[in-house]
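Enquirer: Have a peek at model_31.pdb (PDB, C-alpha atoms).
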```pdb
ATOM      1  CA  MET A   1     113.310 166.110  84.764
ATOM      2  CA  ASP A   2     112.127 168.001  87.856
ATOM      3  CA  ASN A   3     110.319 166.749  90.945
ATOM      4  CA  VAL A   4     110.769 163.065  90.172
ATOM      5  CA  HIS A   5     110.478 160.799  93.193
ATOM      6  CA  CYS A   6     109.737 157.191  93.979
ATOM      7  CA  GLY A   7     106.404 156.085  95.372
ATOM      8  CA  PHE A   8     102.798 156.916  94.688
ATOM      9  CA  SER A   9     101.477 160.357  93.888
ATOM     10  CA  SER A  10      98.955 161.646  96.350
ATOM     11  CA  THR A  11      96.703 162.877  93.574
ATOM     12  CA  VAL A  12      96.459 160.928  90.340
ATOM     13  CA  ALA A  13      98.284 158.147  88.544
ATOM     14  CA  PRO A  14      99.827 158.579  85.062
ATOM     15  CA  VAL A  15      97.414 159.628  82.364
ATOM     16  CA  GLU A  16      96.578 157.067  79.682
ATOM     17  CA  ASN A  17      94.378 158.019  76.745
ATOM     18  CA  GLY A  18      93.236 161.102  78.584
ATOM     19  CA  ALA A  19      91.898 159.185  81.603
ATOM     20  CA  GLU A  20      93.166 159.740  85.098
ATOM     21  CA  TYR A  21      93.164 156.908  87.640
ATOM     22  CA  PRO A  22      93.260 157.333  91.422
ATOM     23  CA  ALA A  23      96.574 156.465  92.989
ATOM     24  CA  GLY A  24      98.107 156.597  96.438
ATOM     25  CA  ASP A  25      95.389 157.181  99.003
ATOM     26  CA  GLY A  26      92.781 156.850  96.286
ATOM     27  CA  LEU A  27      94.084 153.389  95.409
ATOM     28  CA  VAL A  28      94.027 152.348  99.053
ATOM     29  CA  ASP A  29      90.471 153.612  99.338
ATOM     30  CA  ALA A  30      89.461 151.600  96.288
ATOM     31  CA  PHE A  31      90.885 148.380  97.758
ATOM     32  CA  GLY A  32      89.314 149.250 101.071
ATOM     33  CA  ASP A  33      85.923 149.492  99.406
ATOM     34  CA  LEU A  34      86.442 146.101  97.793
ATOM     35  CA  ALA A  35      87.476 144.569 101.102
ATOM     36  CA  ALA A  36      84.332 145.909 102.717
ATOM     37  CA  LEU A  37      82.067 144.056 100.301
ATOM     38  CA  PRO A  38      80.224 141.150 101.939
ATOM     39  CA  VAL A  39      81.640 137.709 101.175
ATOM     40  CA  GLU A  40      79.175 135.075 100.118
ATOM     41  CA  VAL A  41      79.857 131.912 102.088
ATOM     42  CA  GLU A  42      78.803 128.764 100.272
ATOM     43  CA  GLU A  43      76.576 126.687 102.484
ATOM     44  CA  ARG A  44      77.687 123.092 102.731
ATOM     45  CA  ARG A  45      75.059 120.429 102.436
ATOM     46  CA  PRO A  46      74.183 118.706 105.722
ATOM     47  CA  THR A  47      76.279 115.553 105.997
ATOM     48  CA  CYS A  48      75.468 112.301 107.749
ATOM     49  CA  LEU A  49      77.987 111.701 110.541
ATOM     50  CA  ARG A  50      78.001 107.944 110.056
ATOM     51  CA  CYS A  51      78.284 107.367 106.301
ATOM     52  CA  ARG A  52      79.710 110.874 105.576
ATOM     53  CA  ARG A  53      77.345 111.290 102.657
ATOM     54  CA  PRO A  54      74.972 114.248 102.078
ATOM     55  CA  GLN A  55      71.824 113.611 104.094
ATOM     56  CA  LYS A  56      69.661 113.560 100.957
ATOM     57  CA  VAL A  57      71.584 110.528  99.711
ATOM     58  CA  CYS A  58      72.422 108.979 103.086
ATOM     59  CA  LEU A  59      73.481 105.335 102.817
ATOM     60  CA  CYS A  60      72.853 104.374 106.441
ATOM     61  CA  PRO A  61      69.695 102.354 105.620
ATOM     62  CA  PHE A  62      71.937 100.077 103.545
ATOM     63  CA  LEU A  63      74.667  99.694 106.187
ATOM     64  CA  PRO A  64      74.587  96.930 108.808
ATOM     65  CA  SER A  65      72.813  98.003 112.014
ATOM     66  CA  ARG A  66      76.005  97.189 113.899
ATOM     67  CA  PRO A  67      79.592  96.555 112.706
ATOM     68  CA  LEU A  68      80.208  93.056 111.384
ATOM     69  CA  GLU A  69      82.022  90.768 113.793
ATOM     70  CA  VAL A  70      85.150  89.521 112.029
ATOM     71  CA  SER A  71      88.434  88.069 113.249
ATOM     72  CA  THR A  72      90.388  89.232 110.171
ATOM     73  CA  CYS A  73      92.133  92.605 110.329
ATOM     74  CA  LEU A  74      92.356  94.654 107.120
ATOM     75  CA  TYR A  75      95.156  97.077 106.276
ATOM     76  CA  VAL A  76      94.212  99.277 103.326
ATOM     77  CA  VAL A  77      97.327 100.927 101.906
ATOM     78  CA  GLN A  78      95.875 103.890 100.037
ATOM     79  CA  HIS A  79      97.477 105.966  97.292
ATOM     80  CA  PRO A  80      97.197 109.707  98.180
ATOM     81  CA  ALA A  81      95.200 110.407  94.997
ATOM     82  CA  GLU A  82      92.323 108.290  96.336
ATOM     83  CA  GLU A  83      91.751 110.699  99.236
ATOM     84  CA  SER A  84      90.455 113.416  96.910
ATOM     85  CA  ARG A  85      88.013 111.194  95.040
ATOM     86  CA  VAL A  86      84.384 111.864  95.904
ATOM     87  CA  LEU A  87      83.010 108.387  95.229
ATOM     88  CA  ARG A  88      85.354 106.208  97.249
ATOM     89  CA  THR A  89      84.511 102.742  98.518
ATOM     90  CA  VAL A  90      86.973 102.474 101.428
ATOM     91  CA  PRO A  91      84.999 104.782 103.797
ATOM     92  CA  LEU A  92      81.955 102.531 103.303
ATOM     93  CA  LEU A  93      84.083  99.494 104.098
ATOM     94  CA  ALA A  94      85.445 101.082 107.285
ATOM     95  CA  THR A  95      81.921 102.015 108.432
ATOM     96  CA  CYS A  96      80.783  98.391 108.166
ATOM     97  CA  LEU A  97      83.614  96.957 110.277
ATOM     98  CA  PRO A  98      84.533  97.344 113.977
ATOM     99  CA  GLN A  99      87.107  99.952 114.960
ATOM    100  CA  GLY A 100      90.593  98.592 114.440
ATOM    101  CA  LYS A 101      89.511  96.015 111.860
ATOM    102  CA  CYS A 102      89.932  98.342 108.872
ATOM    103  CA  ASN A 103      93.145 100.364 109.137
ATOM    104  CA  ILE A 104      93.767 102.919 106.380
ATOM    105  CA  ILE A 105      97.365 104.001 105.748
ATOM    106  CA  VAL A 106      97.919 106.699 103.113
ATOM    107  CA  GLY A 107     101.148 107.059 101.161
ATOM    108  CA  ARG A 108     103.272 105.972  98.211
ATOM    109  CA  ARG A 109     106.455 104.828  99.915
ATOM    110  CA  PHE A 110     106.657 102.989 103.216
ATOM    111  CA  SER A 111     109.695 102.256 105.347
ATOM    112  CA  GLU A 112     110.224 100.441 108.631
ATOM    113  CA  GLU A 113     111.465 103.674 110.246
ATOM    114  CA  LYS A 114     108.411 105.741 109.337
ATOM    115  CA  HIS A 115     105.812 102.944 109.459
ATOM    116  CA  PRO A 116     106.942 100.467 112.140
ATOM    117  CA  GLU A 117     103.415  99.109 112.719
ATOM    118  CA  LEU A 118     102.885  98.333 109.032
ATOM    119  CA  ALA A 119     106.367  96.808 108.821
ATOM    120  CA  ALA A 120     105.550  94.538 111.761
ATOM    121  CA  VAL A 121     102.295  93.473 110.111
ATOM    122  CA  CYS A 122     104.135  92.663 106.860
ATOM    123  CA  GLN A 123     106.600  90.442 108.731
ATOM    124  CA  ASP A 124     103.837  88.642 110.644
ATOM    125  CA  SER A 125     103.399  85.067 109.380
ATOM    126  CA  ARG A 126      99.609  85.456 109.590
ATOM    127  CA  THR A 127      99.591  88.330 107.072
ATOM    128  CA  LEU A 128      98.399  87.950 103.483
ATOM    129  CA  ILE A 129      98.629  90.549 100.723
ATOM    130  CA  LEU A 130      95.925  90.623  98.060
ATOM    131  CA  TYR A 131      97.839  91.138  94.849
ATOM    132  CA  PRO A 132      97.783  89.102  91.595
ATOM    133  CA  GLY A 133     100.835  87.585  89.999
ATOM    134  CA  PRO A 134     102.670  84.351  89.233
ATOM    135  CA  LYS A 135     103.505  83.893  92.932
ATOM    136  CA  SER A 136      99.922  84.454  94.094
ATOM    137  CA  GLN A 137      97.885  81.581  95.484
ATOM    138  CA  ASN A 138      94.139  81.205  95.231
ATOM    139  CA  LEU A 139      92.785  82.361  98.599
ATOM    140  CA  GLU A 140      89.987  79.790  98.660
ATOM    141  CA  GLU A 141      92.428  76.949  98.007
ATOM    142  CA  LEU A 142      94.687  78.261 100.762
ATOM    143  CA  VAL A 143      91.812  78.259 103.225
ATOM    144  CA  ARG A 144      90.681  74.801 102.139
ATOM    145  CA  CYS A 145      94.101  73.104 102.052
ATOM    146  CA  GLN A 146      95.889  74.741 104.956
ATOM    147  CA  ASP A 147      92.908  75.399 107.177
ATOM    148  CA  VAL A 148      93.923  79.026 107.535
ATOM    149  CA  GLY A 149      90.328  79.819 108.414
ATOM    150  CA  SER A 150      91.156  78.860 111.995
ATOM    151  CA  THR A 151      93.776  81.641 112.218
ATOM    152  CA  ASN A 152      93.148  85.344 112.764
ATOM    153  CA  HIS A 153      94.718  86.843 109.676
ATOM    154  CA  ASN A 154      95.830  90.264 108.557
ATOM    155  CA  VAL A 155      95.073  91.172 104.936
ATOM    156  CA  ILE A 156      96.821  94.001 103.105
ATOM    157  CA  ILE A 157      94.936  95.581 100.183
ATOM    158  CA  ILE A 158      96.464  98.282  97.977
ATOM    159  CA  ASP A 159      93.901 100.978  97.147
ATOM    160  CA  GLY A 160      94.491 102.938  93.937
ATOM    161  CA  THR A 161      94.277 102.626  90.176
ATOM    162  CA  TRP A 162      95.806  99.489  88.732
ATOM    163  CA  SER A 163      98.977 101.310  87.660
ATOM    164  CA  GLN A 164      99.267 103.013  91.067
ATOM    165  CA  ALA A 165      98.808  99.700  92.895
ATOM    166  CA  LYS A 166     101.427  98.001  90.735
ATOM    167  CA  ASN A 167     103.905 100.814  91.307
ATOM    168  CA  MET A 168     103.328 100.767  95.076
ATOM    169  CA  PHE A 169     103.746  96.992  95.267
ATOM    170  CA  LEU A 170     106.957  96.913  93.252
ATOM    171  CA  LYS A 171     108.625  99.861  95.010
ATOM    172  CA  ASN A 172     107.864  98.887  98.609
ATOM    173  CA  SER A 173     109.983  95.901  99.603
ATOM    174  CA  MET A 174     107.994  95.281 102.798
ATOM    175  CA  PHE A 175     104.996  94.265 100.663
ATOM    176  CA  HIS A 176     107.003  91.304  99.366
ATOM    177  CA  PHE A 177     107.207  89.617 102.782
ATOM    178  CA  PRO A 178     103.563  88.467 103.191
ATOM    179  CA  LYS A 179     102.137  85.538 101.242
ATOM    180  CA  GLN A 180     100.548  86.761  97.998
ATOM    181  CA  VAL A 181      96.949  85.705  97.370
ATOM    182  CA  GLN A 182      94.351  86.426  94.718
ATOM    183  CA  LEU A 183      90.621  85.884  94.297
ATOM    184  CA  ASN A 184      89.175  83.368  91.859
ATOM    185  CA  ARG A 185      85.491  83.813  92.510
ATOM    186  CA  THR A 186      83.442  84.725  89.440
ATOM    187  CA  LEU A 187      82.058  88.155  90.294
ATOM    188  CA  SER A 188      81.389  91.084  87.990
ATOM    189  CA  SER A 189      82.071  94.443  89.582
ATOM    190  CA  GLN A 190      79.044  96.320  90.907
ATOM    191  CA  TYR A 191      81.053  99.545  90.936
ATOM    192  CA  VAL A 192      79.637 100.651  87.581
ATOM    193  CA  ILE A 193      80.223 104.394  88.067
ATOM    194  CA  ARG A 194      83.983 104.047  87.704
ATOM    195  CA  THR A 195      85.859 102.520  84.780
ATOM    196  CA  GLN A 196      87.610  99.199  85.433
ATOM    197  CA  PRO A 197      90.293  97.679  83.163
ATOM    198  CA  SER A 198      88.432  94.376  82.785
ATOM    199  CA  ASN A 199      84.928  93.019  83.314
ATOM    200  CA  ILE A 200      86.118  90.951  86.272
ATOM    201  CA  CYS A 201      88.254  93.580  88.025
ATOM    202  CA  LEU A 202      86.902  94.653  91.393
ATOM    203  CA  SER A 203      86.882  97.753  93.570
ATOM    204  CA  THR A 204      88.706  97.788  96.907
ATOM    205  CA  LEU A 205      85.465  97.256  98.833
ATOM    206  CA  GLU A 206      84.527  94.315  96.619
ATOM    207  CA  CYS A 207      87.969  92.717  97.050
ATOM    208  CA  ALA A 208      87.670  93.099 100.814
ATOM    209  CA  ALA A 209      84.133  91.699 100.809
ATOM    210  CA  VAL A 210      85.160  88.545  98.949
ATOM    211  CA  ALA A 211      88.351  88.070 100.981
ATOM    212  CA  LEU A 212      86.529  88.438 104.300
ATOM    213  CA  SER A 213      83.742  86.069 103.288
ATOM    214  CA  VAL A 214      86.358  83.440 102.353
ATOM    215  CA  LEU A 215      88.538  83.844 105.454
ATOM    216  CA  GLU A 216      85.583  84.090 107.835
ATOM    217  CA  ARG A 217      83.781  81.237 106.034
ATOM    218  CA  ASN A 218      80.642  83.336 105.831
ATOM    219  CA  ASP A 219      79.170  84.283 102.436
ATOM    220  CA  GLU A 220      76.700  86.645 104.111
ATOM    221  CA  ILE A 221      79.593  89.073 104.787
ATOM    222  CA  GLN A 222      80.019  89.643 101.054
ATOM    223  CA  GLU A 223      76.318  90.352 100.616
ATOM    224  CA  VAL A 224      76.211  92.810 103.526
ATOM    225  CA  LEU A 225      79.320  94.733 102.395
ATOM    226  CA  LEU A 226      78.150  95.037  98.780
ATOM    227  CA  ARG A 227      74.720  96.407  99.727
ATOM    228  CA  PRO A 228      75.857 100.040 100.345
ATOM    229  CA  LEU A 229      78.011  99.961  97.193
ATOM    230  CA  LYS A 230      75.026  98.974  95.062
ATOM    231  CA  ALA A 231      72.962 101.731  96.697
ATOM    232  CA  LEU A 232      75.711 104.315  96.067
ATOM    233  CA  CYS A 233      75.845 103.439  92.366
ATOM    234  CA  SER A 234      72.052 103.453  92.128
ATOM    235  CA  PHE A 235      71.850 106.949  93.680
ATOM    236  CA  GLN A 236      74.496 108.291  91.309
ATOM    237  CA  LEU A 237      72.822 106.817  88.236
ATOM    238  CA  GLN A 238      69.495 108.327  89.301
ATOM    239  CA  HIS A 239      71.157 111.749  89.501
ATOM    240  CA  GLY A 240      72.756 111.782  86.080
ATOM    241  CA  ALA A 241      75.815 109.545  86.335
ATOM    242  CA  GLN A 242      76.530 107.212  83.431
ATOM    243  CA  ILE A 243      77.394 103.524  83.551
ATOM    244  CA  HIS A 244      81.106 103.066  82.963
ATOM    245  CA  HIS A 245      81.866  99.970  80.928
ATOM    246  CA  SER A 246      85.261  98.357  81.415
ATOM    247  CA  LYS A 247      88.071  99.077  78.968
ATOM    248  CA  GLU A 248      87.942  95.416  78.001
ATOM    249  CA  HIS A 249      84.259  95.736  77.046
ATOM    250  CA  LEU A 250      84.833  98.969  75.111
ATOM    251  CA  LEU A 251      87.759  97.506  73.168
ATOM    252  CA  LYS A 252      85.968  94.278  72.290
ATOM    253  CA  THR A 253      82.805  96.058  71.142
ATOM    254  CA  GLY A 254      84.611  98.785  69.195
ATOM    255  CA  MET A 255      83.259 101.498  71.529
ATOM    256  CA  TYR A 256      86.653 102.662  72.796
ATOM    257  CA  ASP A 257      86.699 106.288  71.567
ATOM    258  CA  LYS A 258      90.044 107.448  72.939
ATOM    259  CA  PRO A 259      93.206 107.600  70.797
ATOM    260  CA  MET A 260      95.105 104.336  70.903
ATOM    261  CA  PRO A 261      98.420 104.628  72.777
ATOM    262  CA  LYS A 262     101.658 105.008  70.835
ATOM    263  CA  ASN A 263     103.803 103.695  73.674
ATOM    264  CA  LYS A 264     104.714 100.054  72.929
ATOM    265  CA  ARG A 265     104.353  99.034  76.562
ATOM    266  CA  LYS A 266     100.809 100.439  76.743
ATOM    267  CA  ILE A 267      99.898  98.761  73.452
ATOM    268  CA  LYS A 268     101.059  95.402  74.806
ATOM    269  CA  ARG A 269      99.059  96.018  77.963
ATOM    270  CA  MET A 270      95.892  96.578  75.918
ATOM    271  CA  GLU A 271      96.570  93.473  73.822
ATOM    272  CA  LYS A 272      97.003  91.493  77.021
ATOM    273  CA  LEU A 273      93.757  92.928  78.357
ATOM    274  CA  LEU A 274      91.923  91.551  75.330
ATOM    275  CA  ALA A 275      93.713  88.190  75.484
ATOM    276  CA  ASP A 276      93.357  87.264  79.160
ATOM    277  CA  HIS A 277      92.527  88.485  82.661
ATOM    278  CA  SER A 278      95.839  87.837  84.404
ATOM    279  CA  ILE A 279      96.392  91.529  85.206
ATOM    280  CA  CYS A 280      93.336  91.661  87.457
ATOM    281  CA  PRO A 281      93.273  90.674  91.149
ATOM    282  CA  ARG A 282      91.289  87.503  90.739
TER     283      ARG A 282
END
```
Written as structure tokens, how would this file's structure read?
Expert:
Amino acid sequence: MDNVHCGFSSTVAPVENGAEYPAGDGLVDAFGDLAALPVEVEERRPTCLRCRRPQKVCLCPFLPSRPLEVSTCLYVVQHPAEESRVLRTVPLLATCLPQGKCNIIVGRRFSEEKHPELAAVCQDSRTLILYPGPKSQNLEELVRCQDVGSTNHNVIIIDGTWSQAKNMFLKNSMFHFPKQVQLNRTLSSQYVIRTQPSNICLSTLECAAVALSVLERNDEIQEVLLRPLKALCSFQLQHGAQIHHSKEHLLKTGMYDKPMPKNKRKIKRMEKLLADHSICPR
């Protein structure tokens, strides 16, 4: 075969079905023409600098006029998957509290070498971790019996789905140092635009609101912190969002339309969900 060489021809590319396609300089010209086309830049909606919501659905009217004065310091340990969620409650919580009173630490695994500040907080005798379990003590009883309300406490809250929170608690040994507490107040979640395992399971903001109101001995704190959450859910429902019933409610009413799990562990978890509420941070 004569005149065979590597590279592009300066005239035309191989013929297919009788059609000739530009190659070499012609191909470069074609890409050049494409590159010269104007790029449409999507305009971002104006965002409120305080609540970080689009201005049309700004939540500032529902936020406290000034940050709440609290002595308790929160440490929200957040699973990385929560960062990408649009409708998060932790940013609202942080906006309502003074700087330094709501510390957000993102990650799955935490060590003393990489997170010395968090490790120090976990080893502090004043620190409590909000996580249910057989070793957990009712926070209200703790405040009433030991008069912990007179102490400036740190409270660690794990932010993520229930399975993510459980995994983070079990695989981070530093979370086993603080005293475990849980909430026993009867409160149905107002976070109706996200599915909860049980009717009495709460969002991170709701857990923080109840814990702060107990430790600070001020029920008004809970009311103030829940106000922007209720407004957020109301806005979303007005713009097409649907109310998300808990898995417990769907199972008990026969409305659960997803395939039942085949994994024995997941089946037991669902049976437990129907039988009691011990898996929820109450």
Enquirer: Decode the PyMOL selection byres ((chain A and resi 102-108) around 9) for the given file into explicit residues and return them as number ranges by chain.
Expert: A: 73-80, 82-83, 90, 93-95, 97-101, 109-110, 118, 164, 167-168, 171-172
Enquirer: Counting all atoms listed in the file, which residue out of A:Ser71, A:Ser125, A:Thr161, A:Gln180 sits closest to Gln137 of chain A?
Expert: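 Residue with the minimum atom-to-atom distance to Gln137 of chain A: A:Gln180.
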Enquirer: Of the candidates A:Arg126, A:Lys166, A:Lys230, A:Arg217, which one gets nearest to Pro178 of chain A if we count all atoms listed in the file?
Expert: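 Ranking A:Arg126, A:Lys166, A:Lys230, A:Arg217 by distance to Pro178 of chain A, first place goes to A:Arg126.
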Enquirer: To one decimal in Å, tell me the separation between atom CA of Arg45 of chain A and atom CA of Cys58 of chain A.
Expert: 11.8 Å
Enquirer: Quick one: residues within 6 Å of Val155 of chain A, all atoms listed in the file, excluding same-chain residues fewer than 6 positions away - as a VMD selection string?
Expert: chain A and resid 74 127 to 129
Enquirer: Please compute the atom CA of Arg66 of chain A-atom CA of Val214 of chain A distance, one decimal, in Å.
Expert: 20.7 Å
Enquirer: Name the closest residue to Val224 of chain A among the candidates A:Cys48, A:Leu59, A:Leu237, A:Leu68; distances are taken between atoms, counting only C-alpha atoms.
Expert: A:Leu68
Enquirer: State, in Å with one decimal place, the distance from atom CA of Ser203 of chain A to atom CA of Leu92 of chain A.
Expert: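 Calculated distance between atom CA of Ser203 of chain A and atom CA of Leu92 of chain A is 11.9 Å.
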Enquirer: Ranking A:Gln222, A:Thr204, A:Asn152, A:Gln182 by minimum distance to Asp124 of chain A and counting all atoms listed in the file, which one comes first?
Expert: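 Closest residue, counting all atoms listed in the file: A:Asn152.
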Enquirer: Nearest residue to Gly160 of chain A out of A:Leu212, A:Cys51, A:Leu205, A:Val143, using only C-alpha atoms?
Expert: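 The answer is A:Leu205, which sits nearest to Gly160 of chain A.
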Enquirer: Taking the file as shown, what set of residues would the PyMOL selection byres ((chain A and resi 130) around 9) give back, as number ranges by chain?
Expert: A: 128-129, 131-132, 136, 139, 155-158, 179-183, 207, 211, 281
Enquirer: What's around Ala209 of chain A at 8 Å? Count only C-alpha atoms, leave out sequence neighbours fewer than 5 positions away in its own chain, and write the answer as a list of chain:residue names.
Expert: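 Counting only the stated atoms, we get A:Ile221, A:Gln222, A:Glu223, A:Leu225, A:Leu226.
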Enquirer: Which residue, A:Thr72, A:Gln55, A:Thr47, A:Thr89, has the smallest gap to Asp159 of chain A when you use only C-alpha atoms?
Expert: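 Using only C-alpha atoms, the shortest distance to Asp159 of chain A belongs to A:Thr89.
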Enquirer: Can you tell me which residues surround Glu112 of chain A at a distance of at most 12 Å, considering only C-alpha atoms, apart from same-chain residues fewer than 5 positions away, and format the answer as number ranges by chain?
Expert: A: 117-123, 172-175
